[in-house]
>>> print(open('my_file_23.cif').read())   # mmCIF, C-alpha atoms
data_final
#
loop_
_atom_site.group_PDB
_atom_site.id
_atom_site.type_symbol
_atom_site.label_atom_id
_atom_site.label_comp_id
_atom_site.auth_asym_id
_atom_site.auth_seq_id
_atom_site.Cartn_x
_atom_site.Cartn_y
_atom_site.Cartn_z
ATOM 1 C CA GLY P 17 0.000 0.000 0.000
ATOM 2 C CA ALA P 18 2.732 2.468 -0.861
ATOM 3 C CA ILE P 19 4.579 4.113 -3.735
ATOM 4 C CA ALA P 20 8.305 4.711 -3.304
ATOM 5 C CA ILE P 21 9.521 8.155 -4.359
ATOM 6 C CA ILE P 22 13.024 8.384 -5.857
ATOM 7 C CA ASP P 23 14.932 11.550 -6.820
ATOM 8 C CA LEU P 24 16.099 10.557 -10.305
ATOM 9 C CA GLN P 25 18.847 13.191 -10.397
ATOM 10 C CA THR P 26 20.556 11.910 -7.251
ATOM 11 C CA MET P 27 19.085 8.367 -7.363
ATOM 12 C CA ARG P 28 18.192 8.872 -3.705
ATOM 13 C CA TYR P 29 15.194 7.268 -2.022
ATOM 14 C CA LEU P 30 13.083 10.095 -0.596
ATOM 15 C CA GLY P 31 10.312 8.156 1.077
ATOM 16 C CA ARG P 32 6.949 6.672 0.322
ATOM 17 C CA VAL P 33 3.367 7.699 -0.188
ATOM 18 C CA THR P 34 0.702 5.563 1.497
ATOM 19 C CA GLY P 35 -3.086 5.793 1.625
ATOM 20 C CA MET P 36 -4.044 3.731 -1.387
ATOM 21 C CA MET P 37 -5.312 0.151 -1.102
ATOM 22 C CA PRO P 38 -2.596 -2.416 -0.284
ATOM 23 C CA ASN P 39 -0.817 -4.512 -2.923
ATOM 24 C CA VAL P 40 -0.312 -1.922 -5.671
ATOM 25 C CA ARG P 41 0.768 -3.756 -8.826
ATOM 26 C CA HIS P 42 0.983 -1.217 -11.675
ATOM 27 C CA LEU P 43 0.976 2.558 -12.070
ATOM 28 C CA VAL P 44 0.040 4.653 -15.115
ATOM 29 C CA ILE P 45 0.094 8.436 -15.504
ATOM 30 C CA GLN P 46 -2.048 9.865 -18.295
ATOM 31 C CA ASP P 47 -4.084 13.003 -18.962
ATOM 32 C CA GLY P 48 -3.399 14.554 -15.561
ATOM 33 C CA TRP P 49 -4.303 11.424 -13.543
ATOM 34 C CA ILE P 50 -2.325 8.754 -11.710
ATOM 35 C CA TYR P 51 -3.934 5.300 -11.976
ATOM 36 C CA LEU P 52 -3.067 2.213 -9.903
ATOM 37 C CA SER P 53 -3.959 -1.451 -10.215
ATOM 38 C CA ILE P 54 -4.563 -3.200 -6.899
ATOM 39 C CA ASN P 55 -3.679 -6.864 -7.261
ATOM 40 C CA ASN P 56 -5.183 -8.832 -4.351
ATOM 41 C CA GLY P 57 -7.959 -6.346 -3.637
ATOM 42 C CA GLY P 58 -9.188 -6.331 -7.235
ATOM 43 C CA ALA P 59 -9.421 -2.629 -7.982
ATOM 44 C CA VAL P 60 -8.275 0.277 -10.091
ATOM 45 C CA GLN P 61 -7.701 3.508 -8.194
ATOM 46 C CA ARG P 62 -7.054 7.032 -9.432
ATOM 47 C CA MET P 63 -6.269 10.524 -8.226
ATOM 48 C CA ARG P 64 -5.575 13.810 -9.997
ATOM 49 C CA LEU P 65 -1.812 13.956 -10.503
ATOM 50 C CA ASP P 66 -1.478 17.497 -9.133
ATOM 51 C CA LYS P 67 -3.258 16.409 -5.935
ATOM 52 C CA PHE P 68 -0.946 13.393 -5.596
ATOM 53 C CA ILE P 69 2.124 15.577 -6.128
ATOM 54 C CA GLY P 70 0.792 17.967 -3.491
ATOM 55 C CA PHE P 71 1.142 15.219 -0.892
ATOM 56 C CA LEU P 72 4.871 14.985 -1.647
ATOM 57 C CA SER P 73 5.476 18.422 -0.103
ATOM 58 C CA SER P 74 4.483 17.110 3.320
ATOM 59 C CA PHE P 75 6.869 14.171 3.769
ATOM 60 C CA ASN P 76 7.090 13.404 7.473
ATOM 61 C CA ASN P 77 9.684 10.878 8.528
ATOM 62 C CA ARG P 78 10.030 9.787 4.886
ATOM 63 C CA ARG P 79 6.329 8.965 4.687
ATOM 64 C CA VAL P 80 3.125 10.768 3.788
ATOM 65 C CA LYS P 81 -0.431 9.488 3.655
ATOM 66 C CA SER P 82 -2.453 10.402 0.570
ATOM 67 C CA GLU P 83 -6.223 10.699 0.794
ATOM 68 C CA GLY P 84 -9.022 10.924 -1.734
ATOM 69 C CA TRP P 85 -8.399 7.981 -4.059
ATOM 70 C CA GLN P 86 -11.326 7.044 -6.303
ATOM 71 C CA THR P 87 -11.829 3.281 -6.471
ATOM 72 C CA CYS P 88 -13.417 1.027 -9.080
ATOM 73 C CA ARG P 89 -13.714 -2.647 -8.158
ATOM 74 C CA VAL P 90 -12.595 -5.132 -10.808
ATOM 75 C CA PRO P 91 -11.978 -8.886 -10.497
ATOM 76 C CA LYS P 92 -9.169 -9.825 -8.114
ATOM 77 C CA GLY P 93 -5.663 -10.127 -9.424
ATOM 78 C CA ALA P 94 -5.631 -6.793 -11.283
ATOM 79 C CA ARG P 95 -2.186 -6.701 -12.818
ATOM 80 C CA THR P 96 -1.260 -4.529 -15.789
ATOM 81 C CA ILE P 97 -3.568 -1.625 -16.662
ATOM 82 C CA SER P 98 -3.626 0.472 -19.812
ATOM 83 C CA LEU P 99 -5.726 3.404 -20.982
ATOM 84 C CA THR P 100 -7.028 3.957 -24.474
ATOM 85 C CA PRO P 101 -5.270 6.784 -26.330
ATOM 86 C CA ASP P 102 -8.278 9.076 -25.787
ATOM 87 C CA GLY P 103 -8.303 8.226 -22.043
ATOM 88 C CA ARG P 104 -11.961 7.147 -22.090
ATOM 89 C CA TYR P 105 -11.410 3.510 -21.064
ATOM 90 C CA ILE P 106 -9.077 1.527 -18.818
ATOM 91 C CA PHE P 107 -8.353 -2.119 -19.520
ATOM 92 C CA ALA P 108 -7.086 -4.311 -16.655
ATOM 93 C CA ALA P 109 -5.593 -7.801 -16.911
ATOM 94 C CA CYS P 110 -7.242 -9.668 -14.010
ATOM 95 C CA ASN P 111 -5.114 -12.694 -13.203
ATOM 96 C CA PHE P 112 -7.250 -14.604 -10.682
ATOM 97 C CA SER P 113 -10.414 -14.611 -12.843
ATOM 98 C CA SER P 114 -8.649 -14.867 -16.233
ATOM 99 C CA THR P 115 -10.535 -11.851 -17.541
ATOM 100 C CA LEU P 116 -9.902 -8.505 -19.152
ATOM 101 C CA ALA P 117 -11.852 -5.840 -17.232
ATOM 102 C CA ILE P 118 -13.037 -2.619 -18.882
ATOM 103 C CA VAL P 119 -13.600 0.563 -16.870
ATOM 104 C CA LYS P 120 -15.150 3.740 -18.299
ATOM 105 C CA THR P 121 -13.181 6.700 -16.976
ATOM 106 C CA ASP P 122 -15.939 9.340 -17.009
ATOM 107 C CA SER P 123 -18.072 7.324 -14.553
ATOM 108 C CA PHE P 124 -15.154 5.275 -13.166
ATOM 109 C CA LYS P 125 -17.365 2.178 -13.312
ATOM 110 C CA LEU P 126 -16.692 -1.365 -14.481
ATOM 111 C CA ILE P 127 -18.615 -1.789 -17.747
ATOM 112 C CA GLY P 128 -17.510 -5.242 -18.870
ATOM 113 C CA GLU P 129 -15.328 -8.315 -18.558
ATOM 114 C CA ILE P 130 -13.967 -10.501 -21.361
ATOM 115 C CA PRO P 131 -12.599 -14.024 -20.784
ATOM 116 C CA VAL P 132 -8.924 -14.466 -21.735
ATOM 117 C CA ASP P 133 -6.475 -17.361 -21.649
ATOM 118 C CA SER P 134 -5.361 -18.527 -18.199
ATOM 119 C CA TYR P 135 -3.870 -16.038 -15.759
ATOM 120 C CA PRO P 136 -3.347 -12.818 -17.752
ATOM 121 C CA VAL P 137 -0.529 -10.582 -16.614
ATOM 122 C CA GLY P 138 0.459 -8.011 -19.229
ATOM 123 C CA LEU P 139 -1.452 -5.901 -21.697
ATOM 124 C CA ASP P 140 -1.074 -3.060 -24.118
ATOM 125 C CA ILE P 141 -3.309 -1.098 -26.463
ATOM 126 C CA SER P 142 -2.398 -0.152 -30.032
ATOM 127 C CA ASN P 143 -1.751 3.523 -30.793
ATOM 128 C CA ASP P 144 -5.133 3.808 -32.538
ATOM 129 C CA GLY P 145 -6.918 2.086 -29.625
ATOM 130 C CA LYS P 146 -8.436 -0.579 -31.884
ATOM 131 C CA THR P 147 -6.426 -3.580 -30.692
ATOM 132 C CA VAL P 148 -5.813 -4.813 -27.142
ATOM 133 C CA TYR P 149 -3.006 -7.318 -26.550
ATOM 134 C CA VAL P 150 -3.064 -9.466 -23.405
ATOM 135 C CA THR P 151 -0.342 -11.895 -22.332
ATOM 136 C CA SER P 152 -1.282 -14.930 -20.240
ATOM 137 C CA GLN P 153 1.217 -16.795 -18.086
ATOM 138 C CA GLY P 154 -0.783 -19.934 -17.303
ATOM 139 C CA ARG P 155 -0.160 -21.874 -14.130
ATOM 140 C CA ASN P 156 0.443 -25.528 -13.291
ATOM 141 C CA ASP P 157 0.151 -26.568 -16.952
ATOM 142 C CA LYS P 158 -3.226 -24.805 -17.236
ATOM 143 C CA GLY P 159 -3.236 -22.681 -20.384
ATOM 144 C CA GLY P 160 -1.146 -19.582 -20.671
ATOM 145 C CA ASN P 161 2.016 -18.979 -22.634
ATOM 146 C CA ALA P 162 -0.304 -17.053 -24.940
ATOM 147 C CA VAL P 163 -0.917 -13.651 -26.432
ATOM 148 C CA ASN P 164 -4.611 -12.780 -26.739
ATOM 149 C CA LEU P 165 -5.583 -10.199 -29.393
ATOM 150 C CA PHE P 166 -8.865 -8.295 -29.244
ATOM 151 C CA THR P 167 -10.263 -5.954 -31.848
ATOM 152 C CA VAL P 168 -12.233 -3.246 -30.070
ATOM 153 C CA GLU P 169 -15.215 -1.364 -31.412
ATOM 154 C CA TYR P 170 -16.200 1.513 -29.147
ATOM 155 C CA ILE P 171 -19.809 2.621 -28.766
ATOM 156 C CA HIS P 172 -19.723 6.273 -27.723
#
>>> encode(input="my_file_23.cif", output="structure tokens")
Amino acid sequence: GAIAIIDLQTMRYLGRVTGMMPNVRHLVIQDGWIYLSINNGGAVQRMRLDKFIGFLSSFNNRRVKSEGWQTCRVPKGARTISLTPDGRYIFAACNFSSTLAIVKTDSFKLIGEIPVDSYPVGLDISNDGKTVYVTSQGRNDKGGNAVNLFTVEYIH
């Protein structure tokens, strides 16, 4: 439940920001937002980037607690997340349920789940937003070792 903050010029650890759900797996910054995937808890969280950065000015003992995260529940095992180029949708590879979750950013609500091969971990979206690529690791000889390709048609 923390994000480590590193000064990239000095490569010095500055401290950590807490306050989000525990077991953060992936972080994406896009369009003025910071988005997190929460692995065990099954969620995507977000906060305005300027608000998040504002917490950094109040480090106390190398730690600061952030408040005000928005949360959207998705299936457990949320691993990699990616936003469409226009920022309207978030896709999340949900490992425990072997699904691809879709969240609409304007409402920050889960709007769908698509089955994928066993235990998805990674994902990416093409530059035009029309193809979603999901990698599946499998487990105990159950599926996986696969790349799933989805052609997406958005209904706006």
>>> closest_residue(input="my_file_23.cif", among="P:Thr34, P:Val90, P:Asn143, P:Ser152", to="Asp102 (chain P)", atoms="all atoms listed in the file")
P:Asn143
>>> residues_around(input="my_file_23.cif", residues="Lys81 (chain P)", least_positions_apart="5", cutoff="9 Å", atoms="all atoms listed in the file", output="number ranges by chain")
P: 18, 32-36, 71, 75
>>> residues_near_point(input="my_file_23.cif", point="(-1.9, 16.1, -8.8)", cutoff="12 Å", atoms="all atoms listed in the file", output="list in words")
Ile45, Gln46, Asp47, Gly48, Trp49, Ile50, Tyr51, Arg62, Met63, Arg64, Leu65, Asp66, Lys67, Phe68, Ile69, Gly70, Phe71, Leu72, Ser73, Ser82, Glu83, Gly84 and Trp85 of chain P
>>> write_last_selection(input="my_file_23.cif", atoms="C-alpha atoms", output="PDB file, keeping the file's coordinate frame")
ATOM      1  CA  ILE P  45       0.094   8.436 -15.504  1.00  0.00           C
ATOM      2  CA  GLN P  46      -2.048   9.865 -18.295  1.00  0.00           C
ATOM      3  CA  ASP P  47      -4.084  13.003 -18.962  1.00  0.00           C
ATOM      4  CA  GLY P  48      -3.399  14.554 -15.561  1.00  0.00           C
ATOM      5  CA  TRP P  49      -4.303  11.424 -13.543  1.00  0.00           C
ATOM      6  CA  ILE P  50      -2.325   8.754 -11.710  1.00  0.00           C
ATOM      7  CA  TYR P  51      -3.934   5.300 -11.976  1.00  0.00           C
ATOM      8  CA  ARG P  62      -7.054   7.032  -9.432  1.00  0.00           C
ATOM      9  CA  MET P  63      -6.269  10.524  -8.226  1.00  0.00           C
ATOM     10  CA  ARG P  64      -5.575  13.810  -9.997  1.00  0.00           C
ATOM     11  CA  LEU P  65      -1.812  13.956 -10.503  1.00  0.00           C
ATOM     12  CA  ASP P  66      -1.478  17.497  -9.133  1.00  0.00           C
ATOM     13  CA  LYS P  67      -3.258  16.409  -5.935  1.00  0.00           C
ATOM     14  CA  PHE P  68      -0.946  13.393  -5.596  1.00  0.00           C
ATOM     15  CA  ILE P  69       2.124  15.577  -6.128  1.00  0.00           C
ATOM     16  CA  GLY P  70       0.792  17.967  -3.491  1.00  0.00           C
ATOM     17  CA  PHE P  71       1.142  15.219  -0.892  1.00  0.00           C
ATOM     18  CA  LEU P  72       4.871  14.985  -1.647  1.00  0.00           C
ATOM     19  CA  SER P  73       5.476  18.422  -0.103  1.00  0.00           C
ATOM     20  CA  SER P  82      -2.453  10.402   0.570  1.00  0.00           C
ATOM     21  CA  GLU P  83      -6.223  10.699   0.794  1.00  0.00           C
ATOM     22  CA  GLY P  84      -9.022  10.924  -1.734  1.00  0.00           C
ATOM     23  CA  TRP P  85      -8.399   7.981  -4.059  1.00  0.00           C
TER      24      TRP P  85
END
>>> atom_distance(input="my_file_23.cif", atom1="CA of Phe112 (chain P)", atom2="CA of Gly128 (chain P)")
16.1 Å
>>> closest_residue(input="my_file_23.cif", among="P:Asn77, P:Ser113, P:Ser98, P:Gln25", to="Gly58 (chain P)", atoms="all atoms listed in the file")
P:Ser113
>>> residues_near_point(input="my_file_23.cif", point="(-7.5, -12.1, -27.8)", cutoff="12 Å", atoms="all atoms listed in the file", output="list in words")
Ala109, Ser114, Thr115, Leu116, Ile130, Pro131, Val132, Asp133, Ser134, Pro136, Leu139, Asp140, Ile141, Thr147, Val148, Tyr149, Val150, Thr151, Ser152, Ala162, Val163, Asn164, Leu165, Phe166, Thr167 and Val168 of chain P
>>> resolve_selection(input="my_file_23.cif", expression="the PyMOL selection byres ((chain P and resi 89) around 12)", output="PyMOL selection string")
chain P and resi 37+52-62+86-88+90-94+108+110+117-119+124-129
>>> write_last_selection(input="my_file_23.cif", atoms="C-alpha atoms", output="short mmCIF file (atom, residue, chain, number, x, y, z; two decimals), in the coordinates of the input")
data_model
loop_
_atom_site.label_atom_id
_atom_site.label_comp_id
_atom_site.auth_asym_id
_atom_site.auth_seq_id
_atom_site.Cartn_x
_atom_site.Cartn_y
_atom_site.Cartn_z
CA MET P 37 -5.31 0.15 -1.10
CA LEU P 52 -3.07 2.21 -9.90
CA SER P 53 -3.96 -1.45 -10.22
CA ILE P 54 -4.56 -3.20 -6.90
CA ASN P 55 -3.68 -6.86 -7.26
CA ASN P 56 -5.18 -8.83 -4.35
CA GLY P 57 -7.96 -6.35 -3.64
CA GLY P 58 -9.19 -6.33 -7.24
CA ALA P 59 -9.42 -2.63 -7.98
CA VAL P 60 -8.28 0.28 -10.09
CA GLN P 61 -7.70 3.51 -8.19
CA ARG P 62 -7.05 7.03 -9.43
CA GLN P 86 -11.33 7.04 -6.30
CA THR P 87 -11.83 3.28 -6.47
CA CYS P 88 -13.42 1.03 -9.08
CA VAL P 90 -12.60 -5.13 -10.81
CA PRO P 91 -11.98 -8.89 -10.50
CA LYS P 92 -9.17 -9.82 -8.11
CA GLY P 93 -5.66 -10.13 -9.42
CA ALA P 94 -5.63 -6.79 -11.28
CA ALA P 108 -7.09 -4.31 -16.66
CA CYS P 110 -7.24 -9.67 -14.01
CA ALA P 117 -11.85 -5.84 -17.23
CA ILE P 118 -13.04 -2.62 -18.88
CA VAL P 119 -13.60 0.56 -16.87
CA PHE P 124 -15.15 5.28 -13.17
CA LYS P 125 -17.36 2.18 -13.31
CA LEU P 126 -16.69 -1.36 -14.48
CA ILE P 127 -18.61 -1.79 -17.75
CA GLY P 128 -17.51 -5.24 -18.87
CA GLU P 129 -15.33 -8.32 -18.56
#
>>> resolve_selection(input="my_file_23.cif", expression="the PyMOL selection byres ((chain P and resi 101) around 8)", output="PyMOL selection string")
chain P and resi 99-100+102-104+143-145
>>> closest_residue(input="my_file_23.cif", among="P:Pro38, P:Gly17, P:Gly154, P:Gly31", to="Tyr135 (chain P)", atoms="all atoms listed in the file")
P:Gly154
>>> atom_distance(input="my_file_23.cif", atom1="CA of Gly160 (chain P)", atom2="CA of Val137 (chain P)")
9.9 Å
>>> atom_distance(input="my_file_23.cif", atom1="CA of Lys158 (chain P)", atom2="CA of Ile106 (chain P)")
27.0 Å
>>> closest_residue(input="my_file_23.cif", among="P:Lys120, P:Asp157, P:Ser74, P:Val80", to="Ile171 (chain P)", atoms="all atoms listed in the file")
P:Lys120
